[in-house]
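Worksheet for the structure shown next.
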Amino acid sequence: MFTTKRKLIGGMAAALLAMTALTGASLAQDVTLSYYIDDNPTNVATAEGLKAAFEAENPGIKIDIETHPGGGEGDNLVKTRLATGEMSDVFRYNAGSLFQALNPPQTMLDLTDEPFQANVIDSFKPVVTAPDGRIYGVPEEAAMGGGILYNKKIYADLGLSVPKTWAEFMANNEKIKAAGKTAVIQTFGDTWTSQLFVLGDFFNVQAAVPTFAADYTANKAKFATTPAALRGFEHGEEVFKAGYLNEDFAAAKFDDGLRMVATGEGAHYPMLTFAIGGIAQNYPDNLQDVGFFAIPGDDAAKNGLTVWMPAAVYISKTTQHPEEAKKFVAFIASTKGCDVRSAANGATGPY
């Protein structure tokens, strides 16, 4: 009797140990990756879609989305977390010059030789390549145009045509103002939106001074002493002085700008084309009422569009799960990842 009980207890103990070992093994396979993005509704919708689709294909990996404000505050948070070694496993941020300011070789994983780079178009890679010649990111969204969203109903009601010169644009604004509408929407409550008249004018700068970008980078040229480059700042001054802005321009937010141009509260909103995704989400009934044109220059014969390379995703050098993080980044850089963004926001440009 005693022997039988001892064997039974011993067998139960062995079984419990085996179950514990199996449970421990299962838990060891479950990894949670943190994903840090700005709180723009368009990007949040994409991130949630990526999370759902990726987790469905990779049941052992969970994605925890963290958000930060846009603009200068968000830039500072990203830089601080990288500098203190507290960055999330994967994070979304600008490509180009702002990427360079993050000291990629010291703060990010080198992704140059990863197989998923074969999915990335070569023209994108320079904007996520550090001075060491290594590639640190992959694109997360579509390429964008920088110009002016406009309300097509207002244009039709007032008999306006899309302007190809700044003088034509200002003439349209005057007619819109006379009709009692806000001619130009500005949303300085989100500081990053205040840049479009300047940055979106780059095509016109390049057309007038083809060497400006290289000379500026080499500290041989300045905005203040290059009339073509200064024009972008002057554009912002001119629409303000003419009284074309919404009364709350200093406090209004990006979402306010989308609402105003979509519903016809205002006629023009200087913005990037990715914003179409936000209109599709929040004002789908008004999507067909919004058009887009390049920021006009002074010569109609040289009217053209400034193009932005998309933002990118990067892996923090401090991640404890580099292989799982690479798997998530590979998914973002895949056709499935592009399809997720299109499902969340519509097609807003070339991937």
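Going through the structure tokens in order, the chains are called A, B, and so on, while each chain numbers its residues from 1 and the ligands are numbered from 1 in the order shown.
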Non-local contacts of range 242-244 of chain A (7 Å; only C-alpha atoms; under 6 positions in same chain excluded) as number ranges by chain: A: 173, 177, 182-184
Leaving out Thr335 in chain A and any residue of its chain fewer than 2 positions from it, which residues lie within 12 Å of it when counting only C-alpha atoms, given as a short mmCIF file (atom, residue, chain, number, x, y, z; two decimals) with N, CA, C and O atoms, in the first residue's frame?
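Resulting contents of selection-v5.cif:
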```
data_model
loop_
_atom_site.label_atom_id
_atom_site.label_comp_id
_atom_site.auth_asym_id
_atom_site.auth_seq_id
_atom_site.Cartn_x
_atom_site.Cartn_y
_atom_site.Cartn_z
N LEU A 50 -1.14 46.36 -39.29
CA LEU A 50 0.08 45.55 -39.33
C LEU A 50 0.13 44.59 -38.15
O LEU A 50 0.51 43.41 -38.29
N PHE A 116 15.13 40.97 -46.86
CA PHE A 116 13.98 41.79 -47.22
C PHE A 116 14.35 43.08 -47.94
O PHE A 116 13.49 43.74 -48.52
N ALA A 118 15.71 43.19 -50.64
CA ALA A 118 15.43 42.94 -52.06
C ALA A 118 14.06 43.46 -52.46
O ALA A 118 13.80 43.70 -53.65
N ASN A 119 13.16 43.64 -51.48
CA ASN A 119 11.82 44.16 -51.78
C ASN A 119 11.79 45.68 -51.90
O ASN A 119 10.78 46.24 -52.32
N VAL A 120 12.88 46.36 -51.51
CA VAL A 120 12.89 47.82 -51.42
C VAL A 120 13.51 48.41 -52.67
O VAL A 120 14.62 48.03 -53.07
N PRO A 139 11.05 51.30 -45.97
CA PRO A 139 9.91 52.22 -46.04
C PRO A 139 8.66 51.64 -45.39
O PRO A 139 8.39 50.44 -45.50
N GLU A 140 7.91 52.51 -44.71
CA GLU A 140 6.69 52.06 -44.04
C GLU A 140 5.44 52.53 -44.76
O GLU A 140 4.35 52.01 -44.50
N GLU A 141 5.55 53.52 -45.64
CA GLU A 141 4.37 54.06 -46.30
C GLU A 141 4.68 54.34 -47.77
O GLU A 141 5.72 53.95 -48.28
N ALA A 330 10.52 42.82 -41.84
CA ALA A 330 10.39 42.15 -43.13
C ALA A 330 8.94 42.13 -43.59
O ALA A 330 8.65 42.31 -44.78
N PHE A 331 8.02 41.93 -42.64
CA PHE A 331 6.59 41.92 -42.99
C PHE A 331 6.16 43.30 -43.46
O PHE A 331 5.41 43.43 -44.44
N ILE A 332 6.62 44.33 -42.77
CA ILE A 332 6.26 45.71 -43.17
C ILE A 332 6.75 46.00 -44.58
O ILE A 332 6.08 46.68 -45.37
N ALA A 333 7.94 45.47 -44.92
CA ALA A 333 8.55 45.74 -46.22
C ALA A 333 8.07 44.80 -47.32
O ALA A 333 8.59 44.82 -48.43
N GLY A 337 2.54 43.81 -46.31
CA GLY A 337 2.59 45.02 -45.51
C GLY A 337 2.01 46.21 -46.26
O GLY A 337 1.28 47.03 -45.69
N CYS A 338 2.35 46.32 -47.54
CA CYS A 338 1.78 47.40 -48.36
C CYS A 338 0.27 47.26 -48.47
O CYS A 338 -0.47 48.25 -48.40
N ASP A 339 -0.20 46.02 -48.63
CA ASP A 339 -1.64 45.78 -48.73
C ASP A 339 -2.36 46.20 -47.44
O ASP A 339 -3.49 46.70 -47.49
N VAL A 340 -1.71 45.97 -46.31
CA VAL A 340 -2.32 46.37 -45.03
C VAL A 340 -2.50 47.88 -44.99
O VAL A 340 -3.56 48.39 -44.59
N ARG A 341 -1.48 48.63 -45.40
CA ARG A 341 -1.59 50.08 -45.39
C ARG A 341 -2.67 50.56 -46.34
O ARG A 341 -3.45 51.47 -46.03
N SER A 342 -2.74 49.95 -47.52
CA SER A 342 -3.78 50.33 -48.48
C SER A 342 -5.17 50.04 -47.93
O SER A 342 -6.10 50.84 -48.12
N TYR A 351 4.40 52.78 -53.61
CA TYR A 351 5.14 52.13 -52.53
C TYR A 351 6.59 51.92 -52.93
O TYR A 351 6.88 51.69 -54.10
#
```
Report as a ChimeraX atom specification all protein, DNA and RNA residues lying within 8 Å of Gly145 in chain A, evaluated on only C-alpha atoms, omitting residues in the same chain fewer than 4 positions from it. /A:272-273,294,305-308
Considering only C-alpha atoms, tabulate each residue of range 94-147 of chain A that lies at most 12 Å from range 65-77 of chain A along with its nearest interatomic pair and the corresponding distance in Å to one decimal; arrange the rows by chain and ascending residue number and present them as JSON lines.
```
{"residue": "A:Asn94", "atom": "CA", "partner": "A:Asp75", "partner_atom": "CA", "distance": 9.4}
{"residue": "A:Leu98", "atom": "CA", "partner": "A:Asp75", "partner_atom": "CA", "distance": 8.6}
{"residue": "A:Phe99", "atom": "CA", "partner": "A:Asp75", "partner_atom": "CA", "distance": 10.3}
{"residue": "A:Ala101", "atom": "CA", "partner": "A:Asp75", "partner_atom": "CA", "distance": 10.2}
{"residue": "A:Leu102", "atom": "CA", "partner": "A:Asp75", "partner_atom": "CA", "distance": 9.7}
```
Shortest interatomic distance to Ala252 in chain A - which of A:Ile185, A:Met144, A:Ala178, A:Val78, counting only C-alpha atoms: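 Going through A:Ile185, A:Met144, A:Ala178, A:Val78 one by one, the smallest distance to Ala252 in chain A is for A:Ile185.
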Which residues are close to Val239 in chain A, i.e. within 12 Å by only C-alpha atoms, leaving aside same-chain residues fewer than 4 positions away? Reply as a ChimeraX atom specification. /A:166-167,169-174,177,182-186,197,232-235,243-246,249,268-270
Write out as a ChimeraX atom specification all residues of range 131-325 of chain A that DSSP puts in strand (DSSP E) for this structure's backbone. /A:138-139,144-151,182-184,266-272,290-294,306-308,312-315
Those residues with N, CA and C atoms, as a compact mmCIF listing (two decimals), in the first residue's frame please?
```txt
# COMPACT_ATOMS: atom_id res chain seq x y z
N VAL A 138 13.64 50.45 -43.60
CA VAL A 138 12.83 50.09 -44.78
C VAL A 138 11.63 51.03 -44.80
N PRO A 139 11.05 51.30 -45.97
CA PRO A 139 9.91 52.22 -46.04
C PRO A 139 8.66 51.64 -45.39
N MET A 144 5.26 60.48 -51.25
CA MET A 144 4.24 61.53 -51.13
C MET A 144 4.59 62.74 -51.99
N GLY A 145 3.56 63.46 -52.36
CA GLY A 145 3.75 64.78 -52.95
C GLY A 145 3.48 65.84 -51.91
N GLY A 146 4.19 66.94 -51.98
CA GLY A 146 3.95 68.06 -51.09
C GLY A 146 3.38 69.22 -51.87
N GLY A 147 2.18 69.66 -51.52
CA GLY A 147 1.55 70.74 -52.26
C GLY A 147 0.34 71.25 -51.52
N ILE A 148 -0.78 71.39 -52.22
CA ILE A 148 -1.97 72.00 -51.62
C ILE A 148 -3.20 71.14 -51.91
N LEU A 149 -3.84 70.67 -50.85
CA LEU A 149 -5.15 70.05 -50.97
C LEU A 149 -6.17 71.17 -51.17
N TYR A 150 -7.15 70.95 -52.05
CA TYR A 150 -8.15 72.00 -52.26
C TYR A 150 -9.54 71.39 -52.37
N ASN A 151 -10.54 72.19 -52.01
CA ASN A 151 -11.92 71.74 -52.06
C ASN A 151 -12.49 72.00 -53.46
N THR A 182 -12.88 80.66 -45.83
CA THR A 182 -11.46 80.65 -45.48
C THR A 182 -10.68 80.20 -46.71
N ALA A 183 -9.75 81.04 -47.16
CA ALA A 183 -9.01 80.73 -48.39
C ALA A 183 -7.89 79.73 -48.14
N VAL A 184 -7.13 79.93 -47.05
CA VAL A 184 -5.97 79.08 -46.77
C VAL A 184 -6.05 78.58 -45.32
N GLY A 266 -12.94 75.42 -45.57
CA GLY A 266 -11.82 76.16 -46.13
C GLY A 266 -11.50 75.61 -47.50
N ALA A 267 -10.79 76.41 -48.30
CA ALA A 267 -10.55 76.02 -49.70
C ALA A 267 -9.22 75.34 -49.92
N HIS A 268 -8.15 75.79 -49.26
CA HIS A 268 -6.80 75.30 -49.52
C HIS A 268 -6.13 74.86 -48.22
N TYR A 269 -5.44 73.73 -48.26
CA TYR A 269 -4.67 73.27 -47.10
C TYR A 269 -3.31 72.77 -47.58
N PRO A 270 -2.23 73.55 -47.37
CA PRO A 270 -0.89 73.07 -47.75
C PRO A 270 -0.55 71.81 -46.96
N MET A 271 -0.27 70.71 -47.66
CA MET A 271 -0.15 69.43 -46.97
C MET A 271 0.50 68.40 -47.88
N LEU A 272 0.87 67.27 -47.29
CA LEU A 272 1.40 66.11 -48.01
C LEU A 272 0.24 65.19 -48.41
N VAL A 290 -12.14 66.51 -52.63
CA VAL A 290 -10.80 67.05 -52.37
C VAL A 290 -9.86 66.74 -53.53
N GLY A 291 -9.19 67.77 -54.03
CA GLY A 291 -8.17 67.60 -55.06
C GLY A 291 -6.82 68.04 -54.55
N PHE A 292 -5.84 68.03 -55.41
CA PHE A 292 -4.46 68.35 -55.00
C PHE A 292 -3.72 68.98 -56.16
N PHE A 293 -2.91 70.00 -55.86
CA PHE A 293 -2.02 70.56 -56.88
C PHE A 293 -0.69 70.98 -56.25
N ALA A 294 0.32 71.07 -57.10
CA ALA A 294 1.65 71.47 -56.63
C ALA A 294 1.63 72.93 -56.20
N THR A 306 6.91 68.76 -55.75
CA THR A 306 7.95 68.31 -54.83
C THR A 306 7.54 66.95 -54.26
N VAL A 307 8.46 65.99 -54.31
CA VAL A 307 8.16 64.62 -53.88
C VAL A 307 8.96 64.28 -52.63
N TRP A 308 8.30 63.65 -51.68
CA TRP A 308 8.91 63.17 -50.43
C TRP A 308 9.10 61.67 -50.49
N ALA A 312 10.25 55.69 -42.51
CA ALA A 312 10.81 54.34 -42.46
C ALA A 312 10.62 53.73 -41.08
N VAL A 313 10.86 52.43 -40.99
CA VAL A 313 10.91 51.75 -39.70
C VAL A 313 12.34 51.26 -39.46
N TYR A 314 12.74 51.32 -38.21
CA TYR A 314 14.10 50.97 -37.79
C TYR A 314 14.02 50.05 -36.58
N ILE A 315 15.11 49.34 -36.32
CA ILE A 315 15.20 48.48 -35.14
C ILE A 315 16.24 49.06 -34.19
```
Which residues are close to Ile63 in chain A, i.e. within 10 Å by only C-alpha atoms, leaving aside same-chain residues fewer than 5 positions away? Reply as number ranges by chain. A: 31-35, 47-48, 50-52, 54-55, 89-90, 325, 328
Go ahead and compute the interatomic distance for CA of Arg259 in chain A and CA of Asn204 in chain A, in Å to one decimal.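 According to the coordinates, CA of Arg259 in chain A and CA of Asn204 in chain A are separated by 28.6 Å.
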Who sits within 10 Å of Gln106 in chain A, only C-alpha atoms, same chain under 2 positions skipped, as an MDAnalysis selection string: chainID A and resid 82:83 102:104 108:110 316:317
Please indicate the distance in Å from CA of Pro59 in chain A to CA of Thr112 in chain A, rounded to one decimal place.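 Atom-to-atom, CA of Pro59 in chain A to CA of Thr112 in chain A, that is 27.1 Å.
Proximity ranking of A:Pro115, A:Pro105, A:Gly277, A:Gly49 relative to Lys327 in chain A places A:Pro115 first, based on only C-alpha atoms.
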Name the residues in contact with Ile135 in chain A at a cut-off of 7 Å, using only C-alpha atoms, excluding same-chain residues fewer than 2 positions from it; report them as a count of residues only. 9
Grab the CA of Val44 in chain A to CA of Asp64 in chain A distance for me, in Å with one decimal place.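 Computing the Euclidean distance for CA of Val44 in chain A and CA of Asp64 in chain A yields 12.0 Å.
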Given the choices A:Arg231, A:Lys302, A:Arg81, A:Lys253, which gets closest to Gly189 in chain A if the distance is worked out from only C-alpha atoms?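 Closest to Gly189 in chain A of all the choices is A:Lys253.
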